[in-house]
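K.L.:
Got protein_1.cif for you, mmCIF, C-alpha atoms:
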data_coords
loop_
_atom_site.label_atom_id
_atom_site.label_comp_id
_atom_site.auth_asym_id
_atom_site.auth_seq_id
_atom_site.Cartn_x
_atom_site.Cartn_y
_atom_site.Cartn_z
CA MET A 1 52.66 50.84 -3.70
CA THR A 2 53.78 53.65 -6.03
CA LYS A 3 51.90 56.93 -5.56
CA THR A 4 50.36 58.59 -8.59
CA LEU A 5 51.28 62.26 -8.45
CA PRO A 6 50.46 65.12 -10.80
CA GLY A 7 53.45 65.67 -13.04
CA PRO A 8 55.56 68.83 -12.84
CA PRO A 9 55.09 71.60 -15.36
CA PRO A 10 57.42 71.44 -18.38
CA GLU A 11 60.53 73.58 -18.10
CA THR A 12 63.37 74.66 -20.34
CA PRO A 13 66.49 72.57 -19.58
CA VAL A 14 68.96 74.33 -17.29
CA PRO A 15 72.59 74.57 -18.53
CA ASP A 16 75.37 72.98 -16.47
CA LEU A 17 76.71 75.31 -13.81
CA ALA A 18 79.49 75.05 -11.23
CA LEU A 19 79.67 71.91 -9.14
CA ALA A 20 78.00 71.83 -5.72
CA ALA A 21 79.59 68.48 -4.79
CA ARG A 22 81.97 65.90 -6.22
CA ALA A 23 82.91 62.33 -5.29
CA ARG A 24 85.89 60.38 -6.57
CA GLY A 25 86.50 56.70 -5.97
CA LEU A 26 83.93 56.74 -3.17
CA ALA A 27 83.72 53.41 -1.32
CA ARG A 28 81.99 52.39 1.90
CA SER A 29 82.16 48.95 3.48
CA TYR A 30 80.65 47.59 6.68
CA GLY A 31 81.54 44.53 8.73
CA ARG A 32 84.35 42.02 8.35
CA GLY A 33 84.99 38.57 6.97
CA ASP A 34 81.84 36.76 5.89
CA ALA A 35 79.78 39.71 7.15
CA LEU A 36 81.59 42.24 4.93
CA VAL A 37 79.19 44.38 2.88
CA HIS A 38 80.35 46.77 0.14
CA ALA A 39 77.67 49.47 0.19
CA LEU A 40 79.55 51.73 -2.27
CA ARG A 41 82.11 50.56 -4.83
CA GLY A 42 84.26 53.33 -6.27
CA VAL A 43 81.61 55.92 -7.13
CA ASP A 44 82.64 58.91 -9.28
CA LEU A 45 80.05 61.66 -9.27
CA ASP A 46 79.62 65.36 -10.12
CA LEU A 47 76.58 67.23 -8.81
CA PRO A 48 75.99 70.51 -10.71
CA ALA A 49 74.89 73.54 -8.70
CA GLY A 50 71.40 74.90 -9.21
CA ARG A 51 69.86 71.59 -10.27
CA PHE A 52 67.48 69.05 -8.77
CA THR A 53 69.03 65.57 -8.76
CA ALA A 54 67.19 62.39 -7.75
CA ILE A 55 69.05 59.25 -6.64
CA MET A 56 67.15 56.00 -7.20
CA GLY A 57 67.82 52.31 -6.83
CA PRO A 58 66.43 49.14 -5.27
CA SER A 59 66.52 48.56 -1.53
CA GLY A 60 70.08 47.92 -0.40
CA SER A 61 71.61 49.41 -3.55
CA GLY A 62 73.58 52.04 -1.61
CA LYS A 63 71.58 55.16 -2.41
CA SER A 64 71.14 56.28 1.22
CA THR A 65 74.78 55.45 2.01
CA LEU A 66 75.81 57.59 -0.96
CA MET A 67 73.75 60.52 0.29
CA HIS A 68 75.09 60.17 3.85
CA CYS A 69 78.70 60.18 2.59
CA LEU A 70 78.07 63.17 0.33
CA ALA A 71 76.46 65.04 3.22
CA GLY A 72 79.26 64.29 5.66
CA LEU A 73 77.01 62.17 7.88
CA ASP A 74 79.06 59.02 7.23
CA GLN A 75 82.77 58.55 6.54
CA PRO A 76 83.74 56.67 3.39
CA THR A 77 86.13 53.74 3.58
CA ALA A 78 88.02 55.12 0.58
CA GLY A 79 87.79 57.98 -1.90
CA SER A 80 86.99 61.65 -1.48
CA VAL A 81 83.99 63.96 -1.19
CA THR A 82 84.19 67.67 -1.98
CA VAL A 83 81.31 70.03 -1.12
CA ALA A 84 81.45 73.72 -2.02
CA GLY A 85 85.12 73.23 -2.90
CA ARG A 86 86.01 71.77 0.52
CA ASP A 87 87.38 68.26 1.04
CA LEU A 88 85.32 66.72 3.86
CA ALA A 89 88.08 64.23 4.73
CA ARG A 90 90.39 67.09 5.74
CA MET A 91 88.00 68.28 8.45
CA ASN A 92 88.03 67.14 12.07
CA ASP A 93 84.72 66.37 13.78
CA ASP A 94 84.14 69.89 15.10
CA THR A 95 85.00 71.54 11.79
CA LEU A 96 82.79 69.10 9.88
CA THR A 97 79.88 69.74 12.26
CA ARG A 98 80.18 73.50 11.70
CA PHE A 99 80.54 73.02 7.96
CA ARG A 100 77.37 70.93 7.77
CA ARG A 101 75.52 73.50 9.86
CA ASP A 102 76.59 76.41 7.67
CA HIS A 103 76.76 74.89 4.17
CA ILE A 104 74.48 71.82 3.99
CA GLY A 105 70.72 71.55 4.48
CA PHE A 106 68.81 68.40 5.37
CA VAL A 107 65.21 67.32 4.79
CA PHE A 108 64.23 63.89 6.08
CA GLN A 109 61.19 61.63 5.86
CA ALA A 110 60.44 62.38 9.53
CA PHE A 111 59.84 66.11 9.69
CA ASN A 112 61.99 66.53 12.85
CA LEU A 113 60.21 69.69 13.96
CA LEU A 114 60.31 70.66 17.64
CA PRO A 115 56.69 70.38 18.82
CA MET A 116 56.91 73.23 21.36
CA LEU A 117 58.11 75.74 18.75
CA THR A 118 55.99 77.50 16.15
CA ALA A 119 56.66 77.01 12.46
CA GLY A 120 58.53 80.31 12.36
CA GLN A 121 60.65 79.37 15.36
CA ASN A 122 61.48 76.00 13.82
CA ILE A 123 62.61 77.73 10.64
CA TRP A 124 64.82 80.14 12.61
CA LEU A 125 66.35 77.28 14.64
CA PRO A 126 69.56 77.01 12.54
CA PHE A 127 70.34 80.63 13.40
CA GLU A 128 69.75 79.94 17.09
CA LEU A 129 72.02 76.90 17.04
CA ALA A 130 74.74 78.90 15.31
CA GLY A 131 74.41 81.75 17.81
CA HIS A 132 73.74 84.11 14.91
CA ARG A 133 71.40 87.07 15.27
CA PRO A 134 69.44 87.34 11.99
CA ASP A 135 70.06 90.60 10.14
CA ARG A 136 67.96 92.34 7.50
CA ALA A 137 69.33 90.11 4.72
CA ASP A 138 68.41 87.01 6.75
CA ARG A 139 64.88 88.31 7.29
CA ASP A 140 64.55 89.11 3.60
CA ARG A 141 65.65 85.55 2.86
CA LEU A 142 63.02 84.21 5.30
CA ASP A 143 60.33 86.29 3.60
CA LEU A 144 61.39 84.96 0.20
CA VAL A 145 61.56 81.31 1.31
CA THR A 146 58.22 81.39 3.12
CA ARG A 147 56.60 83.07 0.12
CA VAL A 148 57.96 80.47 -2.29
CA LEU A 149 56.83 77.67 0.05
CA GLY A 150 53.45 79.27 0.76
CA LEU A 151 53.96 79.47 4.53
CA GLU A 152 53.36 83.16 5.21
CA ASP A 153 50.13 82.54 7.14
CA ARG A 154 51.41 79.47 9.03
CA LEU A 155 54.46 80.85 10.83
CA GLY A 156 52.63 81.27 14.16
CA HIS A 157 51.21 77.73 14.17
CA LEU A 158 52.62 74.79 16.15
CA PRO A 159 53.49 71.63 14.19
CA SER A 160 50.42 69.89 15.66
CA GLU A 161 48.28 72.54 13.98
CA LEU A 162 49.75 71.87 10.53
CA SER A 163 49.05 69.17 7.95
CA GLY A 164 51.76 66.70 7.02
CA GLY A 165 52.51 68.59 3.83
CA GLN A 166 52.74 71.88 5.69
CA GLN A 167 55.08 70.36 8.29
CA GLN A 168 57.37 69.09 5.54
CA ARG A 169 57.33 72.52 3.92
CA VAL A 170 58.44 74.01 7.25
CA ALA A 171 61.27 71.46 7.34
CA ILE A 172 62.25 72.49 3.80
CA ALA A 173 62.16 76.18 4.75
CA ARG A 174 64.40 75.43 7.74
CA ALA A 175 66.87 73.74 5.39
CA LEU A 176 66.81 76.63 2.90
CA VAL A 177 66.81 79.71 5.10
CA ARG A 178 70.59 79.86 5.63
CA GLN A 179 71.25 79.50 1.88
CA PRO A 180 73.21 76.23 2.00
CA GLU A 181 75.30 75.22 -0.98
CA ILE A 182 73.34 71.97 -1.20
CA VAL A 183 70.19 70.44 0.33
CA PHE A 184 69.89 66.69 0.78
CA ALA A 185 66.38 65.24 0.99
CA ASP A 186 66.03 61.60 2.11
CA GLU A 187 62.64 60.19 1.00
CA PRO A 188 60.99 63.55 1.84
CA THR A 189 57.52 62.38 0.76
CA GLY A 190 57.63 58.93 2.37
CA ASN A 191 55.17 59.89 5.15
CA LEU A 192 52.82 61.89 2.94
CA ASP A 193 49.75 61.09 0.87
CA SER A 194 49.76 61.68 -2.88
CA GLU A 195 48.35 65.20 -2.75
CA ALA A 196 50.78 66.37 -0.05
CA SER A 197 53.66 64.62 -1.84
CA ALA A 198 52.96 66.50 -5.06
CA GLU A 199 52.76 69.75 -3.09
CA VAL A 200 56.12 69.19 -1.37
CA LEU A 201 57.87 68.05 -4.57
CA GLY A 202 56.50 71.08 -6.39
CA PHE A 203 57.97 73.36 -3.73
CA LEU A 204 61.36 71.61 -3.92
CA ARG A 205 61.19 72.18 -7.68
CA ARG A 206 60.40 75.85 -7.11
CA SER A 207 63.29 76.23 -4.66
CA VAL A 208 65.63 75.18 -7.48
CA ARG A 209 63.96 77.30 -10.13
CA GLU A 210 63.24 80.45 -8.09
CA LEU A 211 65.90 80.38 -5.36
CA GLY A 212 68.76 78.84 -7.34
CA GLN A 213 69.04 76.05 -4.77
CA THR A 214 70.83 72.73 -5.35
CA VAL A 215 68.73 69.76 -4.21
CA VAL A 216 69.71 66.10 -4.07
CA MET A 217 66.84 63.75 -3.24
CA VAL A 218 66.88 60.02 -2.49
CA THR A 219 63.60 58.42 -3.53
CA HIS A 220 62.16 55.10 -4.65
CA GLU A 221 59.13 56.71 -6.33
CA LEU A 222 59.05 57.12 -10.11
CA ASP A 223 56.59 60.00 -9.90
CA ALA A 224 58.82 61.85 -7.42
CA ALA A 225 61.87 61.43 -9.67
CA ALA A 226 59.92 63.08 -12.50
CA TYR A 227 60.32 66.42 -10.71
CA ALA A 228 64.12 66.24 -10.94
CA ASP A 229 66.39 67.63 -13.65
CA ASP A 230 68.72 64.63 -13.41
CA VAL A 231 68.29 61.08 -12.15
CA LEU A 232 71.13 58.86 -10.94
CA VAL A 233 70.38 55.14 -10.72
CA ILE A 234 72.51 53.03 -8.40
CA HIS A 235 72.85 49.24 -8.33
CA ASP A 236 75.09 47.22 -6.01
CA GLY A 237 76.99 50.27 -4.83
CA GLN A 238 77.76 51.66 -8.29
CA ILE A 239 76.04 54.23 -10.49
CA SER A 240 74.53 52.30 -13.37
CA ALA A 241 72.77 55.18 -15.17
CA ARG A 242 72.88 58.97 -15.39
CA LEU A 243 69.73 60.36 -16.96
CA THR A 244 68.52 63.86 -17.80
CA SER A 245 64.75 64.43 -17.70
CA PRO A 246 64.03 60.74 -18.49
CA ASP A 247 60.60 59.52 -19.46
CA GLN A 248 59.11 56.80 -17.27
CA ASP A 249 59.95 53.95 -19.66
CA THR A 250 63.62 54.95 -19.75
CA LEU A 251 63.72 55.25 -15.98
CA VAL A 252 62.05 51.86 -15.45
CA ALA A 253 64.55 50.27 -17.83
CA ALA A 254 67.43 51.90 -15.93
CA LEU A 255 66.09 50.65 -12.60
CA ARG A 256 65.95 47.15 -14.07
CA GLY A 257 69.56 47.49 -15.20
CA GLY A 258 68.77 48.16 -18.84
CA THR A 259 70.68 51.45 -19.16
CA ARG A 260 74.39 51.83 -18.40
#
Starting from the file, lay out its structure as structure tokens.
P.N.:
Amino acid sequence: MTKTLPGPPPETPVPDLALAARARGLARSYGRGDALVHALRGVDLDLPAGRFTAIMGPSGSGKSTLMHCLAGLDQPTAGSVTVAGRDLARMNDDTLTRFRRDHIGFVFQAFNLLPMLTAGQNIWLPFELAGHRPDRADRDRLDLVTRVLGLEDRLGHLPSELSGGQQQRVAIARALVRQPEIVFADEPTGNLDSEASAEVLGFLRRSVRELGQTVVMVTHELDAAAYADDVLVIHDGQISARLTSPDQDTLVAALRGGTR
């Protein structure tokens, strides 16, 4: 059932900037013989920096596979992925792990917060994992991110003491605090009610507008996609539509295969 969310405030269109990520001839297949499945079929894609992009499509269309390949969580069968000017295929496992840690942020449907850590400690976790002692610039970044996300008075609370929307905002702050080149969000409002969903989507929108962040979100919700600058529609492993600030009728037509 599609949630009805308050729409985002109108904004002036943002001009194209440098690319945060690029894919060329991206293909991903699973299985063999009669069980062979082509999840992606030669996808070419440019993701501009400093924009909010939504990826939509029916179940099984390849949208999550596309995100996982772009994020370096899955290896394509063919083609290339470049993030922040680096070719992911040229990295070994250790280098790719470090690159994801330092340059890519993740927000998932499950909040993935450590229950024994406070909100503030969960946000600082990427620094701990990297063995990096936060400096003044890092602390200034934390102050900015928590202010934008409205978390200043929740940093000392455990996840169990936070609402679902607040927990997802902590997860977003954790993804943003190290200033990654790109943040991937996989159905980030899937476990939230309509009010909390609108809150989280609004804060993702603000992270793009106020922090200059690049966000790529996989979603099946029309109302969630309305918060994005650009919407990519995928069918049968191929991008069937590229839309900028589409109205709902245009987006529904694209999802039905009416726009190519």
K.L.:
By how many Å are CA of Asp94 (chain A) and CA of Gln121 (chain A) apart?
P.N.:
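Between CA of Asp94 (chain A) and CA of Gln121 (chain A) the gap works out to 25.3 Å.
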K.L.:
Could you tell me which residues the PyMOL selection byres ((chain A and resi 72-86) around 7) grabs in this file, written as a list in words?
P.N.:
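Taken over the shown coordinates, the PyMOL selection byres ((chain A and resi 72-86) around 7) returns Ala20, Ala21, Arg22, Ala23, Arg24, Gly25, Leu26, Ala27, Arg28, Ser29, His68, Cys69, Leu70, Ala71, Asp87, Leu88, Ala89 and Glu181 of chain A.
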K.L.:
Counting only C-alpha atoms, what is within 6 Å of region 96-106 of chain A, bar same-chain residues fewer than 6 positions away, as a list in words?
P.N.:
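Residues near the query, excluding close chain neighbours: Ala175, Pro180, Glu181, Ile182, Val183, Phe184 and Ala185 of chain A.
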K.L.:
Which residues come within 10 Å of Leu144 (chain A), counting only C-alpha atoms, excluding same-chain residues fewer than 6 positions away, as number ranges by chain?
P.N.:
A: 138, 150, 152, 173, 177, 210-211
K.L.:
Mind telling me what the PyMOL selection byres ((chain A and resi 188-205) around 6) catches here, as a PyMOL selection string?
P.N.:
chain A and resi 3+5+108-109+149+165+185-187+206-208
K.L.:
Report, in Å with one decimal, the straight-line distance from CA of Ala225 (chain A) to CA of Asn112 (chain A).
P.N.:
23.1 Å
K.L.:
I'd like the residues picked by the PyMOL selection byres ((chain A and resi 116) around 12) written out as a PDB file with C-alpha atoms, in the coordinates of the input, using the chain letters and numbers from the file.
P.N.:
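Saved as out.pdb:
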ATOM      1  CA  ASN A 112      61.990  66.530  12.850  1.00  0.00           C
ATOM      2  CA  LEU A 113      60.210  69.690  13.960  1.00  0.00           C
ATOM      3  CA  LEU A 114      60.310  70.660  17.640  1.00  0.00           C
ATOM      4  CA  PRO A 115      56.690  70.380  18.820  1.00  0.00           C
ATOM      5  CA  LEU A 117      58.110  75.740  18.750  1.00  0.00           C
ATOM      6  CA  THR A 118      55.990  77.500  16.150  1.00  0.00           C
ATOM      7  CA  ALA A 119      56.660  77.010  12.460  1.00  0.00           C
ATOM      8  CA  GLY A 120      58.530  80.310  12.360  1.00  0.00           C
ATOM      9  CA  GLN A 121      60.650  79.370  15.360  1.00  0.00           C
ATOM     10  CA  ASN A 122      61.480  76.000  13.820  1.00  0.00           C
ATOM     11  CA  GLY A 156      52.630  81.270  14.160  1.00  0.00           C
ATOM     12  CA  HIS A 157      51.210  77.730  14.170  1.00  0.00           C
ATOM     13  CA  LEU A 158      52.620  74.790  16.150  1.00  0.00           C
ATOM     14  CA  PRO A 159      53.490  71.630  14.190  1.00  0.00           C
ATOM     15  CA  SER A 160      50.420  69.890  15.660  1.00  0.00           C
ATOM     16  CA  GLU A 161      48.280  72.540  13.980  1.00  0.00           C
TER      17      GLU A 161
END
K.L.:
Please compute the CA of Ala254 (chain A)-CA of Val233 (chain A) distance, one decimal, in Å.
P.N.:
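Interatomic distance here is 6.8 Å.
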K.L.:
How big is the axis-aligned box around all listed atoms of region 245-251 of chain A once 8 Å goes on each side, and where's its centre, in Å to one decimal, as JSON?
P.N.:
{"center_x": 61.9, "center_y": 59.2, "center_z": -17.9, "size_x": 21.6, "size_y": 26.5, "size_z": 19.8}
K.L.:
Any chance you could build region 131-159 of chain A out to N, CA and C atoms and write it as a PDB file, in the frame of the given file?
P.N.:
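Here's the written file selection26.pdb:
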ATOM      1  N   GLY A 131      74.171  80.554  17.027  1.00  0.00           N
ATOM      2  CA  GLY A 131      74.410  81.750  17.810  1.00  0.00           C
ATOM      3  C   GLY A 131      74.470  83.006  16.964  1.00  0.00           C
ATOM      4  N   HIS A 132      73.709  82.993  15.863  1.00  0.00           N
ATOM      5  CA  HIS A 132      73.740  84.110  14.910  1.00  0.00           C
ATOM      6  C   HIS A 132      72.442  84.903  15.018  1.00  0.00           C
ATOM      7  N   ARG A 133      72.579  86.201  15.232  1.00  0.00           N
ATOM      8  CA  ARG A 133      71.400  87.070  15.270  1.00  0.00           C
ATOM      9  C   ARG A 133      71.021  87.441  13.840  1.00  0.00           C
ATOM     10  N   PRO A 134      69.820  87.056  13.373  1.00  0.00           N
ATOM     11  CA  PRO A 134      69.440  87.340  11.990  1.00  0.00           C
ATOM     12  C   PRO A 134      69.457  88.839  11.696  1.00  0.00           C
ATOM     13  N   ASP A 135      70.043  89.207  10.549  1.00  0.00           N
ATOM     14  CA  ASP A 135      70.060  90.600  10.140  1.00  0.00           C
ATOM     15  C   ASP A 135      68.979  90.825   9.075  1.00  0.00           C
ATOM     16  N   ARG A 136      68.999  92.006   8.475  1.00  0.00           N
ATOM     17  CA  ARG A 136      67.960  92.340   7.500  1.00  0.00           C
ATOM     18  C   ARG A 136      68.001  91.383   6.305  1.00  0.00           C
ATOM     19  N   ALA A 137      69.216  91.036   5.840  1.00  0.00           N
ATOM     20  CA  ALA A 137      69.330  90.110   4.720  1.00  0.00           C
ATOM     21  C   ALA A 137      68.746  88.741   5.064  1.00  0.00           C
ATOM     22  N   ASP A 138      68.960  88.293   6.308  1.00  0.00           N
ATOM     23  CA  ASP A 138      68.410  87.010   6.750  1.00  0.00           C
ATOM     24  C   ASP A 138      66.878  87.066   6.753  1.00  0.00           C
ATOM     25  N   ARG A 139      66.347  88.183   7.224  1.00  0.00           N
ATOM     26  CA  ARG A 139      64.880  88.310   7.290  1.00  0.00           C
ATOM     27  C   ARG A 139      64.286  88.416   5.871  1.00  0.00           C
ATOM     28  N   ASP A 140      65.006  89.065   4.994  1.00  0.00           N
ATOM     29  CA  ASP A 140      64.550  89.110   3.600  1.00  0.00           C
ATOM     30  C   ASP A 140      64.549  87.704   3.007  1.00  0.00           C
ATOM     31  N   ARG A 141      65.575  86.930   3.337  1.00  0.00           N
ATOM     32  CA  ARG A 141      65.650  85.550   2.860  1.00  0.00           C
ATOM     33  C   ARG A 141      64.480  84.740   3.420  1.00  0.00           C
ATOM     34  N   LEU A 142      64.161  84.913   4.708  1.00  0.00           N
ATOM     35  CA  LEU A 142      63.020  84.210   5.300  1.00  0.00           C
ATOM     36  C   LEU A 142      61.738  84.572   4.577  1.00  0.00           C
ATOM     37  N   ASP A 143      61.541  85.861   4.306  1.00  0.00           N
ATOM     38  CA  ASP A 143      60.330  86.290   3.600  1.00  0.00           C
ATOM     39  C   ASP A 143      60.243  85.627   2.233  1.00  0.00           C
ATOM     40  N   LEU A 144      61.379  85.560   1.533  1.00  0.00           N
ATOM     41  CA  LEU A 144      61.390  84.960   0.200  1.00  0.00           C
ATOM     42  C   LEU A 144      61.090  83.462   0.272  1.00  0.00           C
ATOM     43  N   VAL A 145      61.752  82.759   1.194  1.00  0.00           N
ATOM     44  CA  VAL A 145      61.560  81.310   1.310  1.00  0.00           C
ATOM     45  C   VAL A 145      60.128  80.981   1.708  1.00  0.00           C
ATOM     46  N   THR A 146      59.582  81.686   2.687  1.00  0.00           N
ATOM     47  CA  THR A 146      58.220  81.390   3.120  1.00  0.00           C
ATOM     48  C   THR A 146      57.197  81.734   2.043  1.00  0.00           C
ATOM     49  N   ARG A 147      57.509  82.757   1.231  1.00  0.00           N
ATOM     50  CA  ARG A 147      56.600  83.070   0.120  1.00  0.00           C
ATOM     51  C   ARG A 147      56.635  81.961  -0.921  1.00  0.00           C
ATOM     52  N   VAL A 148      57.844  81.534  -1.295  1.00  0.00           N
ATOM     53  CA  VAL A 148      57.960  80.470  -2.290  1.00  0.00           C
ATOM     54  C   VAL A 148      57.289  79.185  -1.807  1.00  0.00           C
ATOM     55  N   LEU A 149      57.396  78.906  -0.506  1.00  0.00           N
ATOM     56  CA  LEU A 149      56.830  77.670   0.050  1.00  0.00           C
ATOM     57  C   LEU A 149      55.395  77.849   0.529  1.00  0.00           C
ATOM     58  N   GLY A 150      54.842  79.049   0.391  1.00  0.00           N
ATOM     59  CA  GLY A 150      53.450  79.270   0.760  1.00  0.00           C
ATOM     60  C   GLY A 150      53.171  79.131   2.238  1.00  0.00           C
ATOM     61  N   LEU A 151      54.078  79.639   3.079  1.00  0.00           N
ATOM     62  CA  LEU A 151      53.960  79.470   4.530  1.00  0.00           C
ATOM     63  C   LEU A 151      53.692  80.776   5.275  1.00  0.00           C
ATOM     64  N   GLU A 152      53.462  81.862   4.549  1.00  0.00           N
ATOM     65  CA  GLU A 152      53.360  83.160   5.210  1.00  0.00           C
ATOM     66  C   GLU A 152      52.331  83.184   6.336  1.00  0.00           C
ATOM     67  N   ASP A 153      51.200  82.498   6.141  1.00  0.00           N
ATOM     68  CA  ASP A 153      50.130  82.540   7.140  1.00  0.00           C
ATOM     69  C   ASP A 153      50.173  81.361   8.108  1.00  0.00           C
ATOM     70  N   ARG A 154      51.296  80.633   8.136  1.00  0.00           N
ATOM     71  CA  ARG A 154      51.410  79.470   9.030  1.00  0.00           C
ATOM     72  C   ARG A 154      52.557  79.603  10.026  1.00  0.00           C
ATOM     73  N   LEU A 155      53.253  80.723  10.015  1.00  0.00           N
ATOM     74  CA  LEU A 155      54.460  80.850  10.830  1.00  0.00           C
ATOM     75  C   LEU A 155      54.170  80.834  12.324  1.00  0.00           C
ATOM     76  N   GLY A 156      52.979  81.251  12.740  1.00  0.00           N
ATOM     77  CA  GLY A 156      52.630  81.270  14.160  1.00  0.00           C
ATOM     78  C   GLY A 156      52.000  79.986  14.662  1.00  0.00           C
ATOM     79  N   HIS A 157      51.865  78.978  13.793  1.00  0.00           N
ATOM     80  CA  HIS A 157      51.210  77.730  14.170  1.00  0.00           C
ATOM     81  C   HIS A 157      52.229  76.716  14.693  1.00  0.00           C
ATOM     82  N   LEU A 158      51.812  75.910  15.679  1.00  0.00           N
ATOM     83  CA  LEU A 158      52.620  74.790  16.150  1.00  0.00           C
ATOM     84  C   LEU A 158      52.547  73.648  15.139  1.00  0.00           C
ATOM     85  N   PRO A 159      53.536  72.762  15.128  1.00  0.00           N
ATOM     86  CA  PRO A 159      53.490  71.630  14.190  1.00  0.00           C
ATOM     87  C   PRO A 159      52.202  70.817  14.285  1.00  0.00           C
TER      88      PRO A 159
END
